[in-house]
Structures are given as C-alpha cells and as structure tokens.
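K.L.:
Take this structure, written in structure tokens, and hold onto it; I'll ask about it next.
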Amino acid sequence: MNHKFTFAQRTQWPLKTNRIVTAFGHIKRQNKEIIDLTISNPTQCGFHYSLDNILSPLSNKRNLFYHPSPKGHKVAREVICRNYNACGLGLSPEQIFLTSSTSEAYMYLFRLLVNPNEKVLFPRPSYPLFPFLCDLNDVNMDYYSIKYDQGEWMIDVESIKHFQDEHLRAVVLVNPNNPTGSYVKINEMTTLTHFCGQQGISIISDEVFWDFQLAPLDGITRMALNRDVLTFSLGGLSKSLILPQMKLAWIIVTGPDDLVQKSIERLEVIADTYLSVNAPAQNALSAWMTIKDQMQEEVLLRLQNNYNYLCQELNSSMDFNVLPVEGGWSAIIQMPGVIEEELVVLKLLNDDYVYVHPGYFFDLDDGSYLTVSLLLPEELFQKGINLIHRTLANLLKQFNHDEKGDRYV
C-alpha cells in the first residue's frame, strides 16, 4: 500500500455529515414521508410537463449528426437572443455562449478572468454552491453584504466602494438573489459599474431567477444592459423553463466593444476545449421557448400563492416575521433571537418530518432564520408551514417559561 498518496488540496473539504444531514438520512431510511421544504428541483413538485411539447422536439433527425460549435448552435443562440431583445436589450447572437449549466458557465468565466489565487467578490447571504466552485477553480473568495434595512434587502454599496484589492478580478451578483429574493436596483448597478470601472474588474450577473418576479417593482435592471463595464450575464433552462434535466445554460457578454471582442475570442477557445453542450437540447430550444410563458405562469402562480399563505400564517403572530421577497423560489422566516436555528430544524425533522434549512446554511448570521422553498404543491406546503408555526410557537412558549431567560437551545 502506498501511504504517500495524496489528493489535490482543492478537494480537501470536510466530508463528515452534520447533525441535520445525519437526521435527514436516518428518517429517509425509515421510509418516513418527509415534507421537504428545501426542495429546489421543479421536476419533483407536481408541475404540468407536456409530453408532446417537451419530448417530441427531441425526436429531431438532426440529433443524429454532430456539428460542434464552440459558442453553441447558432439557431439556439438566435432563439435566446430574440427572447432577450424582446425586452429591449439589443444583443447579437455572437455575444452568447451556450454551456451545459450555470456552474459550467462560472467555470468558463473564472478560467477567463482569474489567475490562481486571485479574488472574486460574492454576495452574502447567498447560495452555498459558490465556495465549491471557487475551490475547484483555484479562486479566492471575499464577500460584500446584502443587508436588510427598513423592510427591504439592499446591497451594501458603501462597503464595496471602499474595497481596494489589486488581486480582485470580478464581482458576482445574483439577480434576484437566493435566498433573499432581492433584485439589483438601478442605483446599485450605477455604483457597482463605477467601482468596477475604476478597479478594472468585471461583473458576473447570475440571473437564473429573473423571470420569477413576485412583487411589482420599479428600478430593477438586467445587467446585460450595462455597456460601461465588461459584464457576463448568466441564464438557463433549469429555472426559466423548469427543465434542469435538459442541461442548457448561457453566458451573455456585454460591455465596451474592445473588451467584449477580446472576451469572445478567449471564451471560444475555452468552450472549444470542452464542447459540452448536447445537440438534442439545442435543437429543441426553439420549440420549448414557445411554451415558456405557459410554464412560467404555472410556477409563478404557485410561488405567489405559497408566499401569500406563508405571510398570512406566520405574520399573524408578532413573534415571527416573513421577510419580503421580490422574486425567486425561496422565502426567509425570521425567528426571535432566543430560538436557535439548528434546534428548530432538528425538532421539525424528528417530530414532524418537515425539512427546512437553517439560516446559517446561506450565511444569514445576524439572527435566527429558517429558509423555505416556495415550489411545493400548495396543500403540502400549507401543511408544512402549519407544522412549522406550531413548533415555533411551542418553543417560544417554553422559553418564556424558562426562569433563566437564556437563549433556548
């Protein structure tokens, strides 16, 4: 046996499961029916998928032939281009690269923009996938804050303006953010654009949830409208058409003409090296886009109804607060600070078979929070929320009877 064998340092993650994952696995092995309020896979949420409209376009004889293209098939890029230009973006198909996923899109962009151990700024709170993407691409992470103030989430632009680092190569936006559900506002974009222009860095805007706006908003913007700073906007079928299994996403390159052209030339080499996008999804895209509005309407109605119920159920109590959601698939429940997040998650799992994420999973670290997905069928979602409300009320009642007055853990 060779005892000198080592794995790459970039994969040295702590692989031991935590208490929540262990409890979830234990209950699953007992074949208990769990109300999973963490679910982000739309194919498991009872939405209507038309066999004819989704599967028939895959029976295309062009799928029997291989015509590799670094950017992706031109017809597919033209479909995406028309979809964006209908919103007034003025794009060319030549500014679009197809990838198999937004995770792959990040990898392309990190390879394009960032030398080993240089830095990228990410939002906090946000989704915990980013540290893994950075580790795998030898990127150092730093963070800017999205703060909740006076009833809304906003980017702490002042902290970004004072961020000085010669190794900083890009700022990542999630628009709207997950899990806060907050869109980037025009005034925030203006400040970020000025900062990035001064620092000579680019913007990466992840806009996979863009189409799922839950509240009427003025002053929000797609970052692809930005022509002053090199900007990469990401989207994909996983969210826009609730088809994560079809593995098709894209990068849109905008900004100053010279930097756009240089980026396109280099991205072509990167994309040509992998050629990962499958032909059937590209060939089917034109047909799938014809049902986009229909599919999104069904999802939006579900999201809106579940969010309304969540607010109605929990905001009826002075002790709990559902934070406002502008868009996306998630919502945040703010609990009294005396209630510890992991206790609630484990109690819900073990006693009620309801699974939620603690706030710390998303770096919500300034209080006690739970995050829930709004995707579940309404009857199941309501049942889960009722159980959460009951458990939170009981825990708070126990604390109020605790003579010590300590944080209830």
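Here, A, B, ... name the chains of the structure tokens in the order displayed, residue numbers run from 1 inside each chain, and ligands are numbered from 1 in the same displayed order.
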Which residues are close to Phe212 in chain A, i.e. within 9 Å by only C-alpha atoms, leaving aside same-chain residues fewer than 4 positions away? Reply as a PyMOL selection string.
P.N.:
chain A and resi 176+239-240+296+299-300+303+326-329
K.L.:
So that I can check the surroundings of range 355-363 of chain A, please list as JSON, numbers by chain every protein, DNA and RNA residue that reaches within 9 Å of it, counting only C-alpha atoms and ignoring chain neighbours fewer than 6 positions away.
P.N.:
{"A": [20, 24, 34, 35, 36, 37, 38, 39, 124, 125, 126, 127, 128, 178, 179, 332, 333, 334, 341, 342, 344, 345, 346, 348, 349, 369, 370, 371, 372, 373, 384]}
K.L.:
I'd like the neighbourhood of Val171 in chain A as an mmCIF file with N, CA, C and O atoms, in the first residue's frame, where a residue qualifies if any of its atoms comes within 9 Å (using only C-alpha atoms), though same-chain residues fewer than 6 positions away should be ignored.
P.N.:
```
data_model
loop_
_atom_site.group_PDB
_atom_site.id
_atom_site.type_symbol
_atom_site.label_atom_id
_atom_site.label_comp_id
_atom_site.auth_asym_id
_atom_site.auth_seq_id
_atom_site.Cartn_x
_atom_site.Cartn_y
_atom_site.Cartn_z
ATOM 1 N N VAL A 120 -12.456 36.946 -6.175
ATOM 2 C CA VAL A 120 -13.760 37.332 -6.699
ATOM 3 C C VAL A 120 -14.658 37.668 -5.517
ATOM 4 O O VAL A 120 -14.644 36.973 -4.495
ATOM 5 N N LEU A 121 -15.438 38.759 -5.640
ATOM 6 C CA LEU A 121 -16.376 39.170 -4.594
ATOM 7 C C LEU A 121 -17.732 38.506 -4.814
ATOM 8 O O LEU A 121 -18.265 38.519 -5.925
ATOM 9 N N PHE A 122 -18.305 37.953 -3.736
ATOM 10 C CA PHE A 122 -19.604 37.296 -3.793
ATOM 11 C C PHE A 122 -20.554 37.930 -2.776
ATOM 12 O O PHE A 122 -20.123 38.464 -1.755
ATOM 13 N N PRO A 123 -21.861 37.830 -3.046
ATOM 14 C CA PRO A 123 -22.828 38.352 -2.076
ATOM 15 C C PRO A 123 -22.929 37.458 -0.846
ATOM 16 O O PRO A 123 -22.753 36.239 -0.923
ATOM 17 N N LEU A 192 -22.008 50.092 -8.638
ATOM 18 C CA LEU A 192 -21.141 48.949 -8.939
ATOM 19 C C LEU A 192 -20.376 49.170 -10.239
ATOM 20 O O LEU A 192 -19.189 48.825 -10.339
ATOM 21 N N CYS A 196 -16.371 49.103 -10.495
ATOM 22 C CA CYS A 196 -15.679 48.124 -11.335
ATOM 23 C C CYS A 196 -14.875 48.805 -12.438
ATOM 24 O O CYS A 196 -13.788 48.342 -12.802
ATOM 25 N N ILE A 201 -12.179 45.784 -13.201
ATOM 26 C CA ILE A 201 -12.665 44.427 -12.979
ATOM 27 C C ILE A 201 -14.026 44.256 -13.668
ATOM 28 O O ILE A 201 -14.635 45.214 -14.127
ATOM 29 N N SER A 202 -14.486 43.023 -13.746
ATOM 30 C CA SER A 202 -15.716 42.720 -14.467
ATOM 31 C C SER A 202 -16.842 42.366 -13.507
ATOM 32 O O SER A 202 -16.635 42.171 -12.306
ATOM 33 N N ILE A 203 -18.063 42.278 -14.073
ATOM 34 C CA ILE A 203 -19.253 41.893 -13.329
ATOM 35 C C ILE A 203 -19.783 40.580 -13.890
ATOM 36 O O ILE A 203 -19.880 40.412 -15.111
ATOM 37 N N ILE A 204 -20.107 39.652 -13.009
ATOM 38 C CA ILE A 204 -20.796 38.410 -13.380
ATOM 39 C C ILE A 204 -22.168 38.458 -12.728
ATOM 40 O O ILE A 204 -22.269 38.512 -11.501
ATOM 41 N N SER A 205 -23.225 38.450 -13.538
ATOM 42 C CA SER A 205 -24.583 38.575 -13.005
ATOM 43 C C SER A 205 -25.359 37.289 -13.270
ATOM 44 O O SER A 205 -25.672 36.959 -14.416
#
```
K.L.:
Output as a VMD selection string all residues of range 90-337 of chain A that backbone DSSP marks as strand (DSSP E or B).
P.N.:
chain A and resid 96 to 99 119 to 124 140 to 149 152 to 155 168 to 174 185 202 to 206 213 220 231 to 236 249 to 254 321 to 322 327 330 to 335
K.L.:
Which is closest to Arg222 in chain A among A:Gly197, A:Pro70, A:Pro93, A:Gly235, if we use only C-alpha atoms?
P.N.:
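Selected residue with least distance to Arg222 in chain A: A:Gly235.
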K.L.:
Within 12 Å of Ile80 in chain A, counting only C-alpha atoms, which residues qualify if same-chain residues fewer than 4 places away don't, as JSON, numbers by chain?
P.N.:
{"A": [72, 73, 74, 75, 76, 84, 85, 86, 87, 89, 90, 91, 92, 93, 94, 95, 96, 97, 98, 234, 235, 236, 237, 240, 248, 249, 250, 251, 252, 282, 285, 286, 288, 289, 290, 292]}
K.L.:
Could you pull the residues within 6 Å of range 253-264 of chain A, counting only C-alpha atoms, minus those fewer than 4 positions along the same chain, as a PyMOL selection string?
P.N.:
chain A and resi 95+224+227-232
K.L.:
Could you state the separation of CA of Leu241 in chain A and CA of Gly219 in chain A in Å, given to one decimal place?
P.N.:
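Interatomic distance here is 25.1 Å.
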K.L.:
Quick one: of A:Glu378, A:Asp156, A:Glu207, A:Glu340, who's nearest to Asp365 in chain A, counting only C-alpha atoms?
P.N.:
A:Glu340
K.L.:
Go ahead and compute the interatomic distance for CA of Asp272 in chain A and CA of Ser59 in chain A, in Å to one decimal.
P.N.:
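Separation between CA of Asp272 in chain A and CA of Ser59 in chain A: 26.0 Å.
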K.L.:
List every residue of range 205-320 of chain A that has an atom at most 8 Å from any atom of range 107-116 of chain A, giving for each one its closest atom pair and the distance in Å to one decimal, counting only C-alpha atoms, sorted by chain and then by ascending residue number, as JSON lines.
P.N.:
```
{"residue": "A:Ser263", "atom": "CA", "partner": "A:Leu112", "partner_atom": "CA", "distance": 7.7}
{"residue": "A:Arg266", "atom": "CA", "partner": "A:Leu112", "partner_atom": "CA", "distance": 7.0}
{"residue": "A:Leu267", "atom": "CA", "partner": "A:Leu112", "partner_atom": "CA", "distance": 6.9}
{"residue": "A:Ile270", "atom": "CA", "partner": "A:Tyr108", "partner_atom": "CA", "distance": 6.6}
{"residue": "A:Ala271", "atom": "CA", "partner": "A:Tyr108", "partner_atom": "CA", "distance": 7.5}
```
K.L.:
What's around range 141-153 of chain A at 10 Å? Count only C-alpha atoms, leave out sequence neighbours fewer than 5 positions away in its own chain, and write the answer as a PyMOL selection string.
P.N.:
chain A and resi 117-126+130-131+134-135+158-160+163+168+171-172+177+180-184+323-326+364+366
K.L.:
CA of Gln382 in chain A to CA of Tyr309 in chain A: how many Å, to one decimal?
P.N.:
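Between CA of Gln382 in chain A and CA of Tyr309 in chain A the gap is 7.2 Å.
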K.L.:
Contacts of Gly367 in chain A at 8 Å or less, counting only C-alpha atoms, minus same-chain residues fewer than 5 places along, as a list in words?
P.N.:
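Non-adjacent residues within range: Gln334, Met335, Pro336 and Gly337 of chain A.
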K.L.:
List every residue of range 251-315 of chain A that DSSP, applied to the backbone, labels as helix (DSSP H, G or I), and write the result as a PyMOL selection string.
P.N.:
chain A and resi 257-274+279-289+292-314
